[in-house]
>>> print(open('structure.txt').read())   # compact mmCIF, C-alpha atoms (C1' of nucleotides)
# COMPACT_ATOMS: atom_id res chain seq x y z
CA MET X 285 -32.16 -32.82 21.68
CA THR X 286 -28.57 -32.31 22.66
CA SER X 287 -26.99 -30.47 19.80
CA PRO X 288 -23.69 -31.61 18.29
CA ASP X 289 -22.00 -29.70 21.05
CA GLN X 290 -18.70 -29.45 19.38
CA THR X 291 -16.88 -26.58 21.03
CA PRO X 292 -18.06 -26.03 24.56
CA ARG X 293 -17.59 -22.30 24.44
CA HIS X 294 -16.97 -20.22 27.49
CA LEU X 295 -18.53 -17.24 29.10
CA THR X 296 -16.50 -14.34 30.33
CA ASP X 297 -16.34 -14.03 34.08
CA VAL X 298 -18.58 -11.00 33.89
CA ASP X 299 -21.21 -12.79 31.86
CA ALA X 300 -21.07 -15.86 34.01
CA LEU X 301 -21.63 -13.83 37.13
CA ALA X 302 -24.39 -11.76 35.59
CA GLN X 303 -26.24 -14.75 34.27
CA LEU X 304 -25.83 -16.63 37.51
CA SER X 305 -27.35 -13.72 39.35
CA PHE X 306 -30.32 -13.69 37.00
CA LEU X 307 -30.77 -17.39 37.53
CA VAL X 308 -30.70 -17.13 41.31
CA GLN X 309 -33.04 -14.16 41.28
CA ALA X 310 -35.49 -15.94 39.03
CA THR X 311 -35.40 -18.96 41.29
CA LEU X 312 -36.07 -16.88 44.35
CA GLU X 313 -38.79 -14.97 42.61
CA ARG X 314 -40.56 -18.14 41.59
CA ARG X 315 -40.50 -19.41 45.15
CA ALA X 316 -41.72 -16.13 46.50
CA ALA X 317 -44.50 -15.98 43.97
CA ARG X 318 -45.66 -19.39 45.07
CA ALA X 319 -46.11 -17.96 48.54
CA GLU X 320 -47.96 -14.97 47.12
CA VAL X 321 -45.21 -12.51 47.91
CA SER X 322 -43.03 -10.41 45.68
CA LEU X 323 -39.28 -10.53 45.52
CA SER X 324 -38.97 -7.19 47.27
CA LEU X 325 -41.28 -8.21 50.03
CA THR X 326 -39.37 -11.45 50.47
CA ARG X 327 -36.17 -9.54 50.68
CA LEU X 328 -37.65 -7.27 53.31
CA LEU X 329 -38.78 -10.22 55.39
CA GLY X 330 -35.40 -11.84 54.98
CA ILE X 331 -33.69 -8.78 56.34
CA LEU X 332 -36.07 -8.61 59.28
CA ARG X 333 -35.30 -12.17 60.27
CA ASP X 334 -32.42 -11.03 62.37
CA ARG X 335 -32.85 -7.30 62.62
CA ARG X 336 -35.27 -4.79 64.06
CA PRO X 337 -34.40 -1.69 62.13
CA THR X 338 -36.01 1.70 61.77
CA MET X 339 -37.50 2.70 58.46
CA TYR X 340 -34.44 4.75 57.77
CA GLN X 341 -32.08 1.88 58.49
CA LEU X 342 -34.17 -0.34 56.29
CA ALA X 343 -33.79 2.11 53.45
CA GLN X 344 -30.03 1.95 53.88
CA LEU X 345 -29.93 -1.80 54.13
CA MET X 346 -32.01 -2.26 51.02
CA ASP X 347 -30.52 0.71 49.24
CA LEU X 348 -33.93 2.16 48.57
CA ASP X 349 -35.50 5.56 48.95
CA LYS X 350 -37.32 6.23 52.22
CA SER X 351 -40.59 6.51 50.42
CA SER X 352 -40.07 3.14 48.75
CA VAL X 353 -39.64 1.54 52.14
CA THR X 354 -42.81 3.18 53.37
CA GLY X 355 -44.74 1.51 50.58
CA LEU X 356 -43.06 -1.84 51.04
CA VAL X 357 -43.62 -1.97 54.77
CA GLU X 358 -47.13 -0.67 54.27
CA ARG X 359 -47.93 -3.63 52.02
CA ALA X 360 -46.21 -6.05 54.36
CA GLU X 361 -48.18 -4.73 57.28
CA ARG X 362 -51.45 -4.90 55.41
CA ARG X 363 -50.83 -8.61 55.06
CA GLY X 364 -50.01 -9.01 58.69
CA LEU X 365 -46.37 -9.87 58.09
CA THR X 366 -44.75 -6.98 59.91
CA LEU X 367 -45.47 -4.53 62.68
CA ARG X 368 -44.49 -0.93 63.15
CA SER X 369 -43.87 0.58 66.57
CA ARG X 370 -42.53 3.93 67.62
CA SER X 371 -39.03 3.97 68.92
CA PRO X 372 -38.80 4.68 72.63
CA HIS X 373 -35.57 6.57 72.10
CA ASP X 374 -36.56 8.78 69.21
CA GLY X 375 -40.10 9.87 68.71
CA ARG X 376 -39.52 10.30 65.01
CA SER X 377 -38.33 6.77 64.37
CA VAL X 378 -40.39 3.71 63.68
CA LEU X 379 -39.17 0.20 64.40
CA VAL X 380 -40.16 -2.57 62.03
CA THR X 381 -40.59 -6.13 63.25
CA LEU X 382 -41.74 -9.44 61.89
CA THR X 383 -44.99 -10.85 63.17
CA GLU X 384 -45.18 -14.54 63.90
CA GLU X 385 -46.95 -14.96 60.60
CA GLY X 386 -44.23 -13.07 58.82
CA ARG X 387 -41.58 -15.14 60.47
CA ALA X 388 -43.30 -18.35 59.51
CA LEU X 389 -43.67 -17.22 55.94
CA VAL X 390 -40.10 -16.19 55.48
CA ALA X 391 -38.93 -19.43 57.05
CA GLN X 392 -41.01 -21.39 54.62
CA VAL X 393 -39.86 -19.49 51.57
CA ALA X 394 -36.27 -19.69 52.72
CA ALA X 395 -36.52 -23.43 53.16
CA GLU X 396 -38.01 -23.96 49.73
CA PHE X 397 -35.54 -21.63 48.14
CA GLY X 398 -32.75 -23.50 49.88
CA ARG X 399 -33.94 -26.69 48.29
CA ASP X 400 -34.03 -25.01 44.90
CA ILE X 401 -30.46 -23.89 45.29
CA GLU X 402 -29.44 -27.31 46.48
CA GLN X 403 -30.78 -28.67 43.27
CA LEU X 404 -29.14 -25.99 41.20
CA LEU X 405 -25.83 -26.82 42.78
CA GLY X 406 -26.50 -30.51 42.60
CA ALA X 407 -24.25 -30.97 39.64
CA LEU X 408 -21.24 -29.66 41.50
CA THR X 409 -18.81 -31.65 43.52
CA ALA X 410 -18.71 -30.97 47.22
CA THR X 411 -15.36 -29.29 46.74
CA ASP X 412 -16.69 -26.95 44.09
CA ARG X 413 -19.69 -26.09 46.20
CA ALA X 414 -17.53 -25.22 49.14
CA ALA X 415 -15.30 -23.17 46.88
CA LEU X 416 -18.24 -21.29 45.42
CA THR X 417 -19.61 -20.46 48.83
CA GLU X 418 -16.31 -19.35 50.16
CA ILE X 419 -15.43 -17.20 47.21
CA ALA X 420 -18.87 -15.64 47.17
CA GLU X 421 -18.57 -14.90 50.83
CA ARG X 422 -15.24 -13.26 50.36
CA VAL X 423 -16.63 -10.99 47.66
CA LEU X 424 -19.56 -10.10 49.90
CA ILE X 425 -17.43 -9.35 52.90
CA THR X 426 -15.17 -7.11 50.89
CA ASP X 427 -18.07 -5.24 49.43
CA ALA X 428 -19.85 -4.89 52.74
CA GLY X 429 -16.66 -3.44 54.10
CA THR X 430 -16.40 -0.79 51.44
CA ARG X 431 -20.04 0.14 51.99
CA GLY X 432 -19.66 0.30 55.75
CA ILE X 433 -22.41 -2.23 56.29
CA ASP X 434 -22.20 -5.18 58.63
CA LEU X 435 -22.86 -8.27 56.59
CA PHE X 436 -23.57 -10.37 59.60
CA ALA X 437 -26.79 -9.12 61.00
CA THR X 438 -26.31 -9.70 64.68
CA GLU X 439 -28.17 -6.79 66.16
CA GLN X 440 -31.62 -6.59 67.64
CA SER X 441 -31.63 -2.86 67.85
CA GLY X 442 -29.15 -0.21 66.95
CA THR X 443 -29.22 0.95 70.56
CA MET O 251 -14.54 2.05 61.60
CA THR O 252 -13.50 -1.58 61.52
CA SER O 253 -15.33 -3.28 64.31
CA PRO O 254 -13.57 -5.69 66.69
CA ASP O 255 -14.28 -8.40 64.17
CA GLN O 256 -13.77 -11.23 66.51
CA THR O 257 -15.52 -14.22 65.02
CA PRO O 258 -15.64 -14.07 61.24
CA ARG O 259 -18.91 -15.91 60.98
CA HIS O 260 -19.97 -17.74 57.87
CA LEU O 261 -22.90 -17.66 55.54
CA THR O 262 -24.62 -20.76 54.35
CA ASP O 263 -24.08 -21.57 50.72
CA VAL O 264 -27.64 -20.58 49.99
CA ASP O 265 -27.30 -17.22 51.68
CA ALA O 266 -23.98 -16.53 50.05
CA LEU O 267 -25.37 -17.21 46.63
CA ALA O 268 -28.51 -15.21 47.25
CA GLN O 269 -26.67 -12.21 48.57
CA LEU O 270 -24.14 -12.35 45.79
CA SER O 271 -26.93 -12.31 43.28
CA PHE O 272 -28.46 -9.27 44.94
CA LEU O 273 -25.12 -7.54 44.86
CA VAL O 274 -24.55 -8.25 41.19
CA GLN O 275 -28.07 -7.20 40.29
CA ALA O 276 -27.74 -3.98 42.21
CA THR O 277 -24.47 -3.26 40.48
CA LEU O 278 -25.96 -3.84 37.09
CA GLU O 279 -29.01 -1.83 37.92
CA ARG O 280 -26.93 1.14 39.00
CA ARG O 281 -25.02 1.05 35.75
CA ALA O 282 -28.15 0.74 33.72
CA ALA O 283 -29.79 3.59 35.56
CA ARG O 284 -26.85 5.78 34.76
CA ALA O 285 -27.57 5.18 31.08
CA GLU O 286 -31.25 5.92 31.65
CA VAL O 287 -32.37 2.37 31.09
CA SER O 288 -34.01 -0.11 33.39
CA LEU O 289 -32.61 -3.47 34.36
CA SER O 290 -35.16 -5.28 32.23
CA LEU O 291 -34.44 -3.17 29.23
CA THR O 292 -30.72 -3.72 29.67
CA ARG O 293 -31.27 -7.40 29.86
CA LEU O 294 -33.30 -7.30 26.70
CA LEU O 295 -30.57 -5.42 24.88
CA GLY O 296 -27.96 -7.80 26.22
CA ILE O 297 -29.85 -10.74 24.81
CA LEU O 298 -30.22 -9.05 21.47
CA ARG O 299 -26.50 -8.50 21.18
CA ASP O 300 -26.05 -11.87 19.59
CA ARG O 301 -29.56 -12.95 18.73
CA ARG O 302 -32.38 -11.90 16.47
CA PRO O 303 -35.30 -13.64 18.08
CA THR O 304 -39.03 -13.47 17.63
CA MET O 305 -41.18 -12.03 20.37
CA TYR O 306 -42.07 -15.52 21.39
CA GLN O 307 -38.47 -16.65 21.62
CA LEU O 308 -37.69 -13.55 23.61
CA ALA O 309 -40.39 -14.45 26.08
CA GLN O 310 -38.82 -17.86 26.50
CA LEU O 311 -35.32 -16.53 26.84
CA MET O 312 -36.32 -14.02 29.45
CA ASP O 313 -38.87 -16.25 31.09
CA LEU O 314 -41.54 -13.62 30.78
CA ASP O 315 -45.10 -13.57 29.62
CA LYS O 316 -45.64 -12.70 25.96
CA SER O 317 -47.44 -9.56 26.91
CA SER O 318 -44.58 -8.45 29.12
CA VAL O 319 -42.25 -8.72 26.17
CA THR O 320 -44.62 -6.66 24.07
CA GLY O 321 -44.39 -3.85 26.57
CA LEU O 322 -40.64 -4.13 26.97
CA VAL O 323 -39.94 -4.11 23.26
CA GLU O 324 -42.45 -1.36 22.80
CA ARG O 325 -40.56 0.85 25.21
CA ALA O 326 -37.23 -0.09 23.68
CA GLU O 327 -38.50 0.77 20.26
CA ARG O 328 -39.91 4.07 21.38
CA ARG O 329 -36.38 5.00 22.39
CA GLY O 330 -34.94 3.90 19.11
CA LEU O 331 -32.99 1.01 20.61
CA THR O 332 -34.67 -1.85 18.76
CA LEU O 333 -36.57 -2.54 15.58
CA ARG O 334 -39.41 -4.90 14.84
CA SER O 335 -39.83 -6.54 11.46
CA ARG O 336 -42.16 -9.21 10.26
CA SER O 337 -40.60 -12.58 9.75
CA PRO O 338 -40.37 -13.56 6.10
CA HIS O 339 -41.02 -17.18 7.01
CA ASP O 340 -43.97 -16.78 9.31
CA GLY O 341 -46.40 -13.96 8.91
CA ARG O 342 -47.35 -14.15 12.55
CA SER O 343 -43.86 -13.72 13.91
CA VAL O 344 -42.01 -10.54 14.59
CA LEU O 345 -38.23 -10.36 14.61
CA VAL O 346 -36.59 -8.04 17.08
CA THR O 347 -33.24 -6.45 16.30
CA LEU O 348 -30.93 -3.91 17.87
CA THR O 349 -30.52 -0.59 16.15
CA GLU O 350 -27.07 0.90 15.95
CA GLU O 351 -28.02 3.13 18.80
CA GLY O 352 -29.17 0.18 20.84
CA ARG O 353 -25.98 -1.69 20.09
CA ALA O 354 -23.87 1.26 21.14
CA LEU O 355 -25.80 1.66 24.34
CA VAL O 356 -25.58 -1.94 25.40
CA ALA O 357 -21.89 -1.99 24.59
CA GLN O 358 -21.34 0.99 26.81
CA VAL O 359 -23.33 -0.36 29.72
CA ALA O 360 -21.67 -3.75 29.39
CA ALA O 361 -18.24 -2.17 29.45
CA GLU O 362 -19.00 -0.16 32.55
CA PHE O 363 -20.62 -3.08 34.25
CA GLY O 364 -17.60 -5.17 33.39
CA ARG O 365 -15.40 -2.68 35.16
CA ASP O 366 -17.67 -2.79 38.19
CA ILE O 367 -17.40 -6.53 38.36
CA GLU O 368 -13.66 -6.35 37.92
CA GLN O 369 -13.55 -4.19 40.95
CA LEU O 370 -15.90 -6.42 42.88
CA LEU O 371 -13.68 -9.38 42.16
CA GLY O 372 -10.55 -7.39 42.71
CA ALA O 373 -9.96 -8.91 46.10
CA LEU O 374 -9.81 -12.43 44.71
CA THR O 375 -6.75 -14.22 43.53
CA ALA O 376 -6.59 -15.09 39.87
CA THR O 377 -7.13 -18.72 40.78
CA ASP O 378 -10.26 -17.95 42.75
CA ARG O 379 -11.63 -15.82 39.98
CA ALA O 380 -11.12 -18.52 37.45
CA ALA O 381 -12.72 -21.01 39.79
CA LEU O 382 -15.73 -18.77 40.36
CA THR O 383 -16.25 -18.29 36.66
CA GLU O 384 -15.90 -21.93 35.89
CA ILE O 385 -18.19 -23.10 38.62
CA ALA O 386 -20.78 -20.50 37.74
CA GLU O 387 -20.61 -21.56 34.13
CA ARG O 388 -21.12 -25.16 35.06
CA VAL O 389 -24.22 -24.32 37.05
CA LEU O 390 -25.54 -22.27 34.17
CA ILE O 391 -24.92 -24.93 31.58
CA THR O 392 -26.64 -27.54 33.67
CA ASP O 393 -29.64 -25.34 34.22
CA ALA O 394 -29.85 -24.30 30.59
CA GLY O 395 -29.81 -27.96 29.73
CA THR O 396 -32.72 -28.80 31.98
CA ARG O 397 -34.66 -25.88 30.53
CA GLY O 398 -33.88 -26.82 26.96
CA ILE O 399 -32.32 -23.47 26.25
CA ASP O 400 -29.06 -22.94 24.46
CA LEU O 401 -26.87 -20.91 26.74
CA PHE O 402 -24.50 -19.93 24.02
CA ALA O 403 -26.31 -17.60 21.74
CA THR O 404 -24.79 -18.49 18.44
CA GLU O 405 -27.74 -17.98 16.19
CA GLN O 406 -28.68 -15.03 14.04
CA SER O 407 -32.05 -16.38 13.17
CA GLY O 408 -33.89 -19.48 14.16
CA THR O 409 -34.05 -20.38 10.49
C1' DA L 18 -62.93 -25.06 3.48
C1' DG L 19 -63.42 -25.29 8.62
C1' DA L 20 -61.48 -26.10 13.21
C1' DT L 21 -57.48 -25.63 15.97
C1' DT L 22 -53.17 -23.98 17.30
C1' DT L 23 -49.71 -20.33 17.46
C1' DA L 24 -47.75 -15.39 17.62
C1' DG L 25 -48.59 -11.18 19.05
C1' DT L 26 -51.24 -7.12 20.91
C1' DT L 27 -54.59 -4.76 23.94
C1' DG L 28 -56.46 -3.49 28.25
C1' DG L 29 -56.87 -3.84 33.09
C1' DT L 30 -54.67 -4.72 37.71
C1' DG L 31 -51.12 -4.72 41.29
C1' DT L 32 -46.31 -4.07 42.69
C1' DC L 33 -42.54 -1.27 43.00
C1' DA L 34 -39.37 2.59 43.03
C1' DC L 35 -38.75 7.36 42.52
C1' DG L 36 -39.13 12.53 43.39
C1' DT L 37 -41.44 16.24 45.61
C1' DA L 38 -43.90 18.14 49.15
C1' DC L 39 -45.45 17.78 53.58
C1' DT L 40 -45.76 16.85 59.12
C1' DA L 41 -43.77 15.91 63.45
C1' DA L 42 -39.96 15.36 66.50
C1' DT L 43 -35.26 16.30 67.69
C1' DA L 44 -31.15 19.07 67.68
C1' DT L 45 -28.77 23.48 67.30
C1' DA L 46 -28.27 28.65 67.82
C1' DG L 47 -28.66 32.85 69.75
C1' DC Z 216 -35.85 29.47 76.14
C1' DT Z 217 -37.63 30.49 71.87
C1' DA Z 218 -36.33 30.28 66.65
C1' DT Z 219 -34.29 27.73 63.17
C1' DA Z 220 -32.45 23.74 61.00
C1' DT Z 221 -32.14 18.97 60.58
C1' DT Z 222 -33.97 14.29 60.64
C1' DA Z 223 -37.57 10.40 60.23
C1' DG Z 224 -41.33 9.23 58.12
C1' DT Z 225 -45.63 9.66 55.18
C1' DA Z 226 -48.65 11.19 51.16
C1' DC Z 227 -49.21 11.72 46.46
C1' DG Z 228 -48.40 11.47 41.63
C1' DT Z 229 -45.72 9.17 37.88
C1' DG Z 230 -43.71 5.63 35.12
C1' DA Z 231 -41.85 1.04 34.55
C1' DC Z 232 -42.87 -3.59 34.86
C1' DA Z 233 -45.16 -8.10 34.95
C1' DC Z 234 -49.22 -10.68 34.95
C1' DC Z 235 -53.84 -12.47 33.19
C1' DA Z 236 -57.71 -12.71 30.11
C1' DA Z 237 -59.60 -11.57 25.86
C1' DC Z 238 -58.84 -10.65 21.28
C1' DT Z 239 -56.94 -10.67 16.02
C1' DA Z 240 -54.47 -12.72 12.41
C1' DA Z 241 -51.65 -16.15 10.35
C1' DA Z 242 -50.46 -20.98 9.99
C1' DT Z 243 -51.51 -25.84 10.48
C1' DC Z 244 -54.33 -29.88 10.61
C1' DT Z 245 -57.94 -32.43 9.23
>>> encode(input="structure.txt", output="structure tokens")
Amino acid sequence: MTSPDQTPRHLTDVDALAQLSFLVQATLERRAARAEVSLSLTRLLGILRDRRPTMYQLAQLMDLDKSSVTGLVERAERRGLTLRSRSPHDGRSVLVTLTEEGRALVAQVAAEFGRDIEQLLGALTATDRAALTEIAERVLITDAGTRGIDLFATEQSGT
Amino acid sequence: MTSPDQTPRHLTDVDALAQLSFLVQATLERRAARAEVSLSLTRLLGILRDRRPTMYQLAQLMDLDKSSVTGLVERAERRGLTLRSRSPHDGRSVLVTLTEEGRALVAQVAAEFGRDIEQLLGALTATDRAALTEIAERVLITDAGTRGIDLFATEQSGT
DNA sequence: AGATTTAGTTGGTGTCACGTACTAATATAG
DNA sequence: CTATATTAGTACGTGACACCAACTAAATCT
């Protein structure tokens, strides 16, 4: 049922970006749901793939309240996806780690999500795809800089 | 505190897109929160800016369950942001409309959010910005097509 | 008219995020 | 070296949100 489609109107850059973000989020959420995990939980696991943060650091990384992280990690742990251990350096701190099960799950969801995105970007030329990635990355790097966060995970522990 | 920054690593296209979507969502959510509305409610109002859908159409547009829309619209109405009226054509249907207050609120949030995005994209060249918008739009149009949804709002009533 | 489909609401459940109030461990002061 | 302040994390209560299943009422199809 393609409509007459006379004037292919245009979105503003703001709208385009907003809508794109809704689309990507919805895609990720669908994938997560299929694996019986929520978007937040998926995000947590994704962050833990290459980090071993304390609860406090997690709160910063996810931009959530401490108490929200407690609940999130609590639910993750109840499902056997993460582990909590006391920090050897600071008796107050708790280190959060992925279990093998958690790692497997996040890998699976990430793979499926990757395929979804592939498909979403399928209509683009290779050039456009590369451009999109590069531009997005530039925006992210700039923003990470202004927030004082390291975009590239890197670290096992904060030392 | 700029770190040595030796190897500017790269994100995969999937990661870049995912992270960008989280960034945009967080930005929008912050703005919405400042106006005392949730992200979902903001999205609802945004959709209603140029549409006058039934509850059912709303559910489709937002990809939510009917009952979720009931709750959302219920809360919006309780705050005087939307109105419900029975459809003259179909006694089962309910048309949802913005009140003046709702329209003012969404305009304000949209304006502020727009400024946020401006700033986020501030580091890009005009060419890159245009490219980002255009590529994003292409992805959106393709997806809307496969979902049978009209991306460009257009309609006042479904007739 | 009678059966079926469609639009919407109701009620119950689980997730999630927040704020406040609390405990325990570390850091700072005197 | 105790006394206080700060920091990390948890507990609890609240509200928003989204889902499903069950229901009512209007429209459509025999």
>>> residues_around(input="structure.txt", residues="Gln309 (chain X)", least_positions_apart="3", cutoff="8 Å", atoms="all atoms listed in the file", output="ChimeraX atom specification")
/X:305-306,312-313 /O:268,271-272
>>> closest_atom_pairs(input="structure.txt", of="chain Z", to="chain O", cutoff="12 Å", atoms="only C-alpha atoms (C1' of nucleotides)", output="tab-separated table")
residue	atom	partner	partner_atom	distance
Z:DG230	C1'	O:Ser288	CA	11.4
Z:DA231	C1'	O:Ser288	CA	8.0
Z:DC232	C1'	O:Ser318	CA	7.7
Z:DA233	C1'	O:Ser318	CA	5.9
Z:DC234	C1'	O:Asp315	CA	7.3
Z:DC235	C1'	O:Ser317	CA	9.4
Z:DA236	C1'	O:Ser317	CA	11.2
Z:DT239	C1'	O:Arg342	CA	10.8
Z:DA240	C1'	O:Arg342	CA	7.3
Z:DA241	C1'	O:Arg342	CA	5.2
Z:DA242	C1'	O:Asp340	CA	7.8
Z:DT243	C1'	O:Asp340	CA	11.8
>>> closest_residue(input="structure.txt", among="L:DT32, L:DT26, L:DT45, L:DT21", to="chain X", atoms="all atoms listed in the file")
L:DT32
>>> interface_residues(input="structure.txt", of="chain X", to="chain O", cutoff="8 Å", atoms="all atoms listed in the file", output="VMD selection string")
chain X and resid 293 to 298 300 to 309 398 401 to 402 404 to 405 407 to 408 412 to 417 419 to 424 426 to 427 432 436
>>> closest_atom_pairs(input="structure.txt", of="chain L", to="chain X", cutoff="10 Å", atoms="all atoms listed in the file", output="Markdown table")
| residue | atom | partner | partner_atom | distance |
| --- | --- | --- | --- | --- |
| L:DT32 | C1' | X:Ser322 | CA | 7.7 |
| L:DC33 | C1' | X:Ser352 | CA | 7.7 |
| L:DA34 | C1' | X:Ser352 | CA | 5.8 |
| L:DC35 | C1' | X:Asp349 | CA | 7.4 |
| L:DG36 | C1' | X:Ser351 | CA | 9.4 |
| L:DA41 | C1' | X:Arg376 | CA | 7.2 |
| L:DA42 | C1' | X:Arg376 | CA | 5.3 |
| L:DT43 | C1' | X:Asp374 | CA | 7.8 |
>>> axis_aligned_box(input="structure.txt", around="region 220-226 of chain Z", padding_each_side="4 Å", output="lines of an AutoDock Vina configuration file")
center_x = -40.4
center_y = 16.5
center_z = 56.1
size_x = 24.5
size_y = 22.5
size_z = 17.8
>>> atom_distance(input="structure.txt", atom1="CA of Ala388 (chain X)", atom2="CA of Val357 (chain X)")
17.1 Å
>>> atom_distance(input="structure.txt", atom1="CA of Leu298 (chain O)", atom2="CA of Arg281 (chain O)")
18.2 Å
